[in-house]
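Asker: You'll find my_file.txt just under this line, and it carries compact mmCIF, C-alpha atoms.
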```
# COMPACT_ATOMS: atom_id res chain seq x y z
CA MET A 1 24.26 31.78 18.55
CA VAL A 2 22.56 29.02 16.53
CA ARG A 3 19.69 27.28 18.30
CA ILE A 4 19.75 23.60 17.27
CA ILE A 5 16.47 21.75 17.51
CA GLU A 6 16.51 17.96 17.34
CA LYS A 7 14.90 16.65 14.18
CA MET A 8 11.22 16.20 15.07
CA SER A 9 10.84 18.95 17.68
CA THR A 10 8.06 21.53 17.40
CA ILE A 11 8.76 24.38 14.99
CA SER A 12 8.45 27.83 16.58
CA LYS A 13 5.71 30.12 15.26
CA ASP A 14 7.42 33.23 16.63
CA SER A 15 11.14 32.88 15.92
CA VAL A 16 13.60 31.34 13.49
CA SER A 17 14.23 27.60 14.00
CA HIS A 18 17.29 25.60 13.00
CA ILE A 19 16.93 21.87 12.38
CA LEU A 20 19.80 19.40 12.26
CA ILE A 21 19.09 16.72 9.64
CA GLY A 22 19.62 13.16 10.88
CA SER A 23 20.56 10.05 8.88
CA GLU A 24 16.93 8.86 8.70
CA GLU A 25 15.87 12.06 6.90
CA ALA A 26 18.81 12.11 4.47
CA GLY A 27 18.10 11.82 0.76
CA GLN A 28 14.63 13.40 0.77
CA ARG A 29 13.58 16.37 -1.33
CA LEU A 30 13.55 19.56 0.74
CA ASP A 31 9.88 20.37 -0.01
CA ASN A 32 8.72 16.82 0.84
CA TYR A 33 10.63 16.89 4.14
CA LEU A 34 9.09 20.26 5.07
CA ILE A 35 5.57 18.99 4.31
CA LYS A 36 6.12 16.23 6.89
CA ILE A 37 7.37 18.48 9.67
CA LEU A 38 5.18 21.52 8.96
CA LYS A 39 1.76 19.92 9.18
CA GLY A 40 -1.01 21.91 7.57
CA VAL A 41 1.20 24.27 5.53
CA PRO A 42 0.28 24.02 1.80
CA LYS A 43 3.04 22.72 -0.48
CA SER A 44 2.64 25.76 -2.75
CA HIS A 45 3.35 28.09 0.20
CA LEU A 46 6.42 26.09 1.22
CA GLN A 47 7.80 26.14 -2.32
CA ARG A 48 7.24 29.91 -2.47
CA ILE A 49 9.20 30.60 0.74
CA ILE A 50 11.98 28.22 -0.36
CA ARG A 51 12.34 30.12 -3.65
CA SER A 52 12.23 33.47 -1.83
CA GLY A 53 15.28 32.41 0.19
CA GLU A 54 13.53 32.53 3.59
CA ILE A 55 14.32 28.85 4.09
CA ARG A 56 18.07 28.23 4.00
CA LEU A 57 20.04 25.01 3.73
CA ASN A 58 23.50 25.33 5.30
CA LYS A 59 23.09 29.15 5.20
CA LYS A 60 22.51 29.08 1.42
CA ARG A 61 19.47 29.42 -0.77
CA ALA A 62 18.01 26.11 -1.92
CA LYS A 63 15.45 24.79 -4.40
CA PRO A 64 12.31 22.77 -3.57
CA ASP A 65 13.89 19.67 -5.16
CA SER A 66 17.24 20.05 -3.34
CA ARG A 67 18.20 16.83 -1.52
CA ILE A 68 18.94 17.06 2.20
CA ALA A 69 21.87 15.17 3.75
CA ALA A 70 22.79 14.04 7.27
CA GLY A 71 24.46 16.91 9.14
CA ASP A 72 22.75 19.63 7.09
CA VAL A 73 21.34 22.56 9.06
CA LEU A 74 17.99 23.87 7.90
CA ARG A 75 16.87 27.42 8.77
CA ILE A 76 13.10 27.83 8.97
CA PRO A 77 11.44 31.24 9.48
CA PRO A 78 8.43 31.62 11.81
CA ILE A 79 5.56 29.72 10.16
CA ARG A 80 2.03 29.25 11.39
CA THR A 81 1.18 25.56 11.23
CA ALA A 82 -2.29 24.07 11.53
CA GLU A 83 -2.81 22.71 15.02
CA LYS A 84 -3.94 19.09 15.10
CA PRO A 85 -7.15 18.84 17.09
CA PRO A 86 -6.53 16.59 20.11
CA ALA A 87 -9.74 14.66 19.45
CA ARG A 88 -8.44 13.60 16.02
CA THR A 89 -5.22 12.27 17.52
CA ALA A 90 -7.13 10.39 20.19
CA ALA A 91 -9.40 8.91 17.50
CA VAL A 92 -6.54 6.84 16.07
CA PRO A 93 -6.57 3.60 18.07
CA ALA A 94 -3.21 1.97 18.70
CA ARG A 95 -3.10 -1.41 16.98
CA GLU A 96 -0.53 -4.09 16.31
CA PHE A 97 -1.06 -6.49 13.41
CA ASP A 98 -0.03 -10.12 12.88
CA ILE A 99 3.73 -10.00 12.27
CA VAL A 100 5.14 -12.27 9.57
CA TYR A 101 8.70 -10.88 9.72
CA GLU A 102 10.48 -8.18 11.72
CA ASP A 103 14.02 -6.98 12.31
CA GLU A 104 15.64 -3.57 12.89
CA ALA A 105 15.02 -2.43 9.29
CA LEU A 106 11.88 -4.15 8.02
CA LEU A 107 8.43 -5.09 9.31
CA VAL A 108 6.07 -7.30 7.29
CA ILE A 109 2.53 -7.74 8.59
CA ASP A 110 -0.52 -9.75 7.52
CA LYS A 111 -3.04 -6.96 6.92
CA PRO A 112 -6.70 -7.87 7.48
CA ALA A 113 -9.33 -6.99 4.87
CA GLY A 114 -11.36 -3.85 5.50
CA VAL A 115 -8.45 -1.81 6.86
CA ALA A 116 -6.94 0.97 4.75
CA VAL A 117 -3.13 1.16 4.68
CA HIS A 118 -3.21 4.90 5.44
CA GLY A 119 -5.61 7.75 6.16
CA GLY A 120 -7.08 9.91 3.41
CA SER A 121 -9.94 9.74 0.86
CA GLY A 122 -12.58 9.75 3.56
CA VAL A 123 -10.66 7.40 5.87
CA SER A 124 -9.33 9.14 8.98
CA PHE A 125 -6.59 6.58 9.70
CA GLY A 126 -5.12 3.32 8.47
CA VAL A 127 -2.49 0.69 9.25
CA ILE A 128 0.47 3.08 9.32
CA GLU A 129 -1.20 5.58 11.68
CA GLN A 130 -2.31 2.77 14.01
CA LEU A 131 1.17 1.23 14.07
CA ARG A 132 2.78 4.59 14.84
CA ARG A 133 0.30 5.04 17.67
CA ALA A 134 1.07 1.55 19.02
CA ARG A 135 4.83 2.14 18.78
CA PRO A 136 5.46 5.70 20.02
CA GLU A 137 9.15 4.85 20.53
CA ALA A 138 9.62 3.98 16.83
CA LYS A 139 11.62 6.74 15.16
CA TYR A 140 10.72 5.68 11.63
CA LEU A 141 7.78 3.74 10.18
CA GLU A 142 6.86 4.19 6.52
CA LEU A 143 4.79 2.15 4.06
CA VAL A 144 6.91 0.53 1.35
CA HIS A 145 3.93 -0.16 -0.93
CA ARG A 146 0.13 -0.27 -0.73
CA LEU A 147 -2.66 -2.81 -0.63
CA ASP A 148 -6.29 -1.98 -1.41
CA LYS A 149 -8.47 -1.60 1.68
CA ASP A 150 -10.41 -4.80 0.89
CA THR A 151 -7.30 -6.85 0.07
CA SER A 152 -5.71 -8.85 2.88
CA GLY A 153 -2.16 -10.15 3.18
CA LEU A 154 1.49 -9.22 3.23
CA LEU A 155 2.33 -5.54 3.66
CA MET A 156 5.88 -4.18 4.00
CA ILE A 157 6.77 -1.31 6.34
CA ALA A 158 10.27 0.18 6.49
CA LYS A 159 11.77 0.90 9.92
CA LYS A 160 14.79 2.72 8.44
CA ARG A 161 14.94 5.23 5.62
CA SER A 162 17.88 3.33 4.08
CA ALA A 163 15.64 0.24 3.85
CA LEU A 164 12.81 2.24 2.26
CA VAL A 165 15.09 3.76 -0.38
CA LYS A 166 16.55 0.34 -1.26
CA LEU A 167 13.12 -1.35 -1.39
CA HIS A 168 11.76 1.37 -3.68
CA GLU A 169 14.76 0.87 -5.96
CA MET A 170 14.08 -2.90 -5.93
CA ILE A 171 10.38 -2.36 -6.73
CA ARG A 172 11.33 -0.24 -9.76
CA ASN A 173 13.31 -3.27 -10.97
CA ASP A 174 10.35 -5.69 -10.54
CA HIS A 175 11.56 -7.09 -7.24
CA PRO A 176 10.32 -8.37 -4.82
CA LYS A 177 8.17 -11.08 -6.36
CA LYS A 178 4.56 -10.60 -5.19
CA ILE A 179 2.08 -13.48 -5.40
CA TYR A 180 -1.65 -13.14 -4.72
CA THR A 181 -4.50 -15.64 -4.38
CA ALA A 182 -7.86 -14.71 -5.91
CA LEU A 183 -11.22 -16.31 -6.65
CA GLY A 184 -12.69 -15.37 -10.00
CA VAL A 185 -16.37 -15.51 -10.98
CA GLY A 186 -16.39 -17.45 -14.23
CA LYS A 187 -14.24 -19.91 -16.14
CA LEU A 188 -10.71 -19.31 -17.39
CA PRO A 189 -9.79 -21.28 -20.54
CA ASN A 190 -6.10 -21.90 -19.77
CA ASP A 191 -4.35 -23.22 -16.67
CA ARG A 192 -1.50 -20.71 -17.02
CA PHE A 193 -1.48 -17.49 -19.01
CA HIS A 194 -0.13 -13.93 -19.17
CA VAL A 195 -2.20 -10.74 -19.30
CA ARG A 196 -0.34 -7.76 -20.74
CA LEU A 197 -2.85 -4.92 -20.93
CA PRO A 198 -2.08 -1.26 -20.15
CA LEU A 199 -4.03 0.35 -17.29
CA PHE A 200 -5.30 3.92 -17.20
CA LYS A 201 -6.26 5.64 -13.92
CA TYR A 202 -9.24 7.98 -13.77
CA THR A 203 -11.78 9.35 -11.27
CA GLY A 204 -15.22 7.75 -11.07
CA ALA A 205 -18.61 9.49 -10.77
CA GLN A 206 -18.43 9.54 -6.95
CA GLY A 207 -14.83 10.74 -6.93
CA GLU A 208 -13.47 7.24 -6.38
CA LYS A 209 -10.19 5.98 -7.84
CA MET A 210 -10.87 3.82 -10.91
CA VAL A 211 -8.76 1.97 -13.48
CA ARG A 212 -9.61 0.81 -16.98
CA ILE A 213 -7.75 -0.91 -19.78
CA GLY A 214 -6.64 1.62 -22.38
CA GLU A 215 -3.80 2.21 -24.81
CA ASP A 216 -3.21 5.54 -23.08
CA GLY A 217 -2.42 3.73 -19.79
CA GLN A 218 0.71 2.38 -18.13
CA SER A 219 2.04 -1.01 -19.17
CA ALA A 220 0.88 -3.80 -16.84
CA HIS A 221 1.72 -7.50 -16.78
CA THR A 222 0.23 -10.28 -14.61
CA VAL A 223 0.90 -14.02 -14.76
CA PHE A 224 -2.08 -16.19 -13.77
CA ARG A 225 -2.06 -19.86 -12.76
CA VAL A 226 -5.26 -21.79 -12.06
CA LEU A 227 -5.21 -23.56 -8.68
CA ASN A 228 -8.72 -25.05 -8.73
CA ARG A 229 -11.97 -24.93 -10.68
CA PHE A 230 -15.43 -25.15 -9.13
CA SER A 231 -18.70 -25.85 -11.01
CA ASP A 232 -20.80 -28.20 -8.88
CA GLY A 233 -24.37 -28.28 -7.62
CA LEU A 234 -23.61 -26.06 -4.62
CA LEU A 235 -22.91 -23.16 -7.01
CA HIS A 236 -25.99 -23.94 -9.09
CA GLN A 237 -28.13 -23.77 -5.94
CA VAL A 238 -27.20 -20.08 -5.55
CA GLY A 239 -27.39 -19.36 -9.28
CA LEU A 240 -23.68 -19.47 -10.22
CA SER A 241 -22.13 -21.60 -12.95
CA ALA A 242 -18.38 -21.48 -12.31
CA LEU A 243 -15.68 -20.12 -9.98
CA THR A 244 -11.91 -20.30 -10.53
CA LEU A 245 -9.25 -20.11 -7.82
CA VAL A 246 -6.08 -18.54 -9.21
CA GLU A 247 -2.58 -17.51 -8.24
CA ALA A 248 -1.58 -14.12 -9.66
CA THR A 249 2.07 -13.07 -9.88
CA LEU A 250 2.66 -9.36 -10.46
CA LYS A 251 5.28 -8.38 -13.01
CA THR A 252 4.32 -4.72 -12.60
CA GLY A 253 2.62 -3.06 -9.63
CA ARG A 254 -0.20 -0.88 -10.99
CA THR A 255 -3.25 0.27 -9.05
CA HIS A 256 -6.04 -2.40 -9.07
CA GLN A 257 -3.95 -4.43 -11.55
CA ILE A 258 -5.11 -7.96 -10.68
CA ARG A 259 -8.72 -6.83 -10.29
CA VAL A 260 -8.89 -5.19 -13.73
CA HIS A 261 -6.82 -7.88 -15.49
CA LEU A 262 -9.14 -10.63 -14.21
CA GLN A 263 -12.18 -8.56 -15.17
CA SER A 264 -10.73 -8.33 -18.70
CA GLN A 265 -10.81 -12.15 -18.88
CA ASN A 266 -14.54 -12.19 -18.03
CA CYS A 267 -13.65 -13.62 -14.63
CA PRO A 268 -13.90 -10.71 -12.14
CA ILE A 269 -12.85 -11.23 -8.53
CA ALA A 270 -15.52 -12.62 -6.23
CA GLY A 271 -16.82 -9.94 -3.86
CA ASP A 272 -15.21 -7.06 -5.78
CA GLU A 273 -17.70 -4.21 -5.47
CA ARG A 274 -15.88 -1.94 -7.92
CA TYR A 275 -15.03 -4.20 -10.86
CA GLY A 276 -17.00 -7.32 -10.03
CA ASP A 277 -20.34 -8.88 -10.96
CA TYR A 278 -23.00 -7.34 -8.70
CA GLN A 279 -25.48 -10.23 -8.99
CA ALA A 280 -22.77 -12.86 -8.48
CA ASN A 281 -21.52 -11.03 -5.38
CA ARG A 282 -25.06 -11.08 -3.91
CA ARG A 283 -25.25 -14.82 -4.54
CA LEU A 284 -21.81 -15.43 -3.06
CA GLN A 285 -22.95 -13.78 0.17
CA LYS A 286 -25.31 -16.75 0.59
CA LEU A 287 -22.17 -18.93 0.70
CA GLY A 288 -20.69 -16.69 3.38
CA LEU A 289 -18.41 -14.45 1.28
CA LYS A 290 -18.75 -10.94 2.66
CA ARG A 291 -15.51 -9.44 1.32
CA MET A 292 -13.37 -9.36 -1.82
CA PHE A 293 -11.51 -12.63 -2.38
CA LEU A 294 -8.02 -11.21 -2.99
CA HIS A 295 -5.10 -12.00 -0.69
CA ALA A 296 -1.40 -11.06 -0.90
CA SER A 297 -0.08 -14.52 -0.05
CA GLU A 298 3.67 -14.52 -0.83
CA LEU A 299 6.66 -12.16 -1.00
CA HIS A 300 10.02 -13.31 -2.35
CA LEU A 301 12.73 -10.71 -1.78
CA ASP A 302 16.34 -10.04 -0.93
CA HIS A 303 16.56 -8.23 2.40
CA PRO A 304 17.13 -4.53 1.59
CA LEU A 305 20.18 -4.21 3.87
CA SER A 306 21.66 -7.70 4.41
CA GLY A 307 20.76 -9.19 1.00
CA GLU A 308 19.47 -12.36 2.70
CA LYS A 309 16.88 -14.15 0.57
CA LEU A 310 13.45 -14.12 2.24
CA VAL A 311 10.34 -16.06 1.28
CA LEU A 312 7.42 -14.76 3.33
CA LYS A 313 3.98 -16.38 3.29
CA ALA A 314 0.57 -15.53 4.74
CA PRO A 315 -2.10 -18.26 4.58
CA LEU A 316 -5.61 -17.42 3.42
CA PRO A 317 -7.69 -15.82 6.20
CA GLN A 318 -10.14 -18.18 7.85
CA GLU A 319 -13.24 -16.86 6.06
CA LEU A 320 -11.61 -17.43 2.65
CA GLN A 321 -10.26 -20.84 3.66
CA GLN A 322 -13.73 -21.90 4.75
CA LEU A 323 -15.24 -20.92 1.41
CA VAL A 324 -12.58 -22.87 -0.52
CA LEU A 325 -13.15 -25.88 1.74
CA MET A 326 -16.92 -25.68 1.17
CA LEU A 327 -16.43 -25.45 -2.59
CA SER A 328 -13.90 -28.30 -2.60
CA HIS A 329 -16.09 -30.64 -0.51
CA PRO A 330 -19.68 -29.59 -1.25
CA LYS A 331 -21.23 -32.87 -0.09
CA ALA A 332 -19.66 -32.52 3.37
CA GLU A 333 -21.69 -29.36 3.88
CA HIS A 334 -25.06 -30.95 3.11
```
Reformat the file's structure so that it appears as structure tokens.

Answerer:
Amino acid sequence: MVRIIEKMSTISKDSVSHILIGSEEAGQRLDNYLIKILKGVPKSHLQRIIRSGEIRLNKKRAKPDSRIAAGDVLRIPPIRTAEKPPARTAAVPAREFDIVYEDEALLVIDKPAGVAVHGGSGVSFGVIEQLRRARPEAKYLELVHRLDKDTSGLLMIAKKRSALVKLHEMIRNDHPKKIYTALGVGKLPNDRFHVRLPLFKYTGAQGEKMVRIGEDGQSAHTVFRVLNRFSDGLLHQVGLSALTLVEATLKTGRTHQIRVHLQSQNCPIAGDERYGDYQANRRLQKLGLKRMFLHASELHLDHPLSGEKLVLKAPLPQELQQLVLMLSHPKAEH
């Protein structure tokens, strides 16, 4: 007799388990699916037992890169999985975020600065873990893309696997259109210009993720448009000569793309601790800027399932709005 266990039930450590694959799991690689349900088991070990034939897909041997489909039955031998310490689970606080758009397939939130999108790299939890904790009834919540921890703004989360697959396909084809607002330290010569410089990822001295411009990197393309220029006495009082407010439209979605592309124009992002101007950032703190001035302000996309055209907007957070207001009307502040 086959014992069928519903998709996310606990896997037995002492006997063979059979898992019925649901529609939300369909399309994934076998090894990636097993990593999700067998927490704490190394990928190398899973791939070894798949190749040995101990894990069977529809009673047949499978490969780590085999794709699972709805209705498939997966046989899993007894496997010891790492127990999650209860304290760690309790440490993830449930949190809802400002919702810009939500339906049965897609959730778009306005992520605050200072919150990672997911746990890892020294961060125990992020947006996705907090949302899952706040919505225990949600069967499926997955990040569609990422934002840097110190970047605020629009973040897409898929509520159905079909939506995630379609959105990833769209992203590979440079859709949706993503527009950011940034404040640069310095002066940009043109009001509208393109930066096409390849970006290479490497690990910094402290093990941090870094990006530099290099011919050995991935192609990257950003379109910049100047929204405002600031160079008045208020800046001179704190030892700065010029700031430029820009709109950045991504044509590719590389790690730290806008940050490194603006740095390449001698106009690094205000408050950027990794690629910015250290002295300028200290001076900007006197004007009240205590974070990186980069905000994901607009998303233009076709809905992944209905095809409906969506234009989603998130205004600048209050602390960034206040700085722009102060810079735009310096006399009103004194």

Asker: Do you know which residues are at most 6 Å from stretch 51-59 of chain A counting only C-alpha atoms, after dropping those on the same chain fewer than 4 positions away, and could you put them as a PyMOL selection string?

Answerer: chain A and resi 73-76

Asker: Just checking: using only C-alpha atoms, which residue out of A:Asp72, A:Asp174, A:Glu169, A:Glu25 ends up closest to A:Leu250?

Answerer: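 The answer is A:Asp174, which sits nearest to A:Leu250.
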
Asker: To one decimal place, how far is atom CA of A:Asp191 from atom CA of A:Phe224 in Å?

Answerer: 7.9 Å

Asker: Give me, please, the distance in Å between atom CA of A:Asn228 and atom CA of A:Val324, quoted to one decimal.

Answerer: 9.3 Å

Asker: Which value, in Å to one decimal, gives the distance between atom CA of A:Leu240 and atom CA of A:Arg282?

Answerer: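 Value for the atom CA of A:Leu240-atom CA of A:Arg282 distance: 10.6 Å.
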
Asker: Taking 5 positions as the minimum chain separation for residues in the same chain, which residues sit within 6 Å of stretch 94-111 of chain A when counting all atoms listed in the file? Answer as JSON, numbers by chain.

Answerer: {"A": [130, 131, 133, 134, 152, 153, 154, 155, 156, 157, 158, 159, 160]}

Asker: Specify the axis-aligned box that encloses all atoms of stretch 284-298 of chain A listed in the file after padding of 3 Å on each side, stating its centre and edge lengths in Å to one decimal as lines of an AutoDock Vina configuration file.

Answerer:
```
center_x = -10.8
center_y = -14.1
center_z = 0.2
size_x = 35.0
size_y = 15.6
size_z = 12.4
```

Asker: Closest to A:Gly22 among A:Pro42, A:Pro64, A:Leu164, A:Lys139, using only C-alpha atoms?

Answerer: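 When distances to A:Gly22 are compared using only C-alpha atoms, the smallest one comes from A:Lys139.
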
Asker: From the options A:Leu183, A:Ile213, A:Ile171, A:Leu46, which residue's atoms come nearest to A:Leu299, counting all atoms listed in the file?

Answerer: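 Comparing A:Leu183, A:Ile213, A:Ile171, A:Leu46 against A:Leu299, the winner is A:Ile171.
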
Asker: Give me the residues within 10 Å of A:Val238 as an MDAnalysis selection string, counting only C-alpha atoms and dropping any in the same chain fewer than 6 places off.

Answerer: chainID A and resid 280 282:287

Asker: Between A:Pro93, A:Ala138, A:Gly40, A:Ile50, which has the minimum distance to A:Gly126 (counting all atoms listed in the file)?

Answerer: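 For A:Gly126, the nearest of the candidates is A:Pro93.
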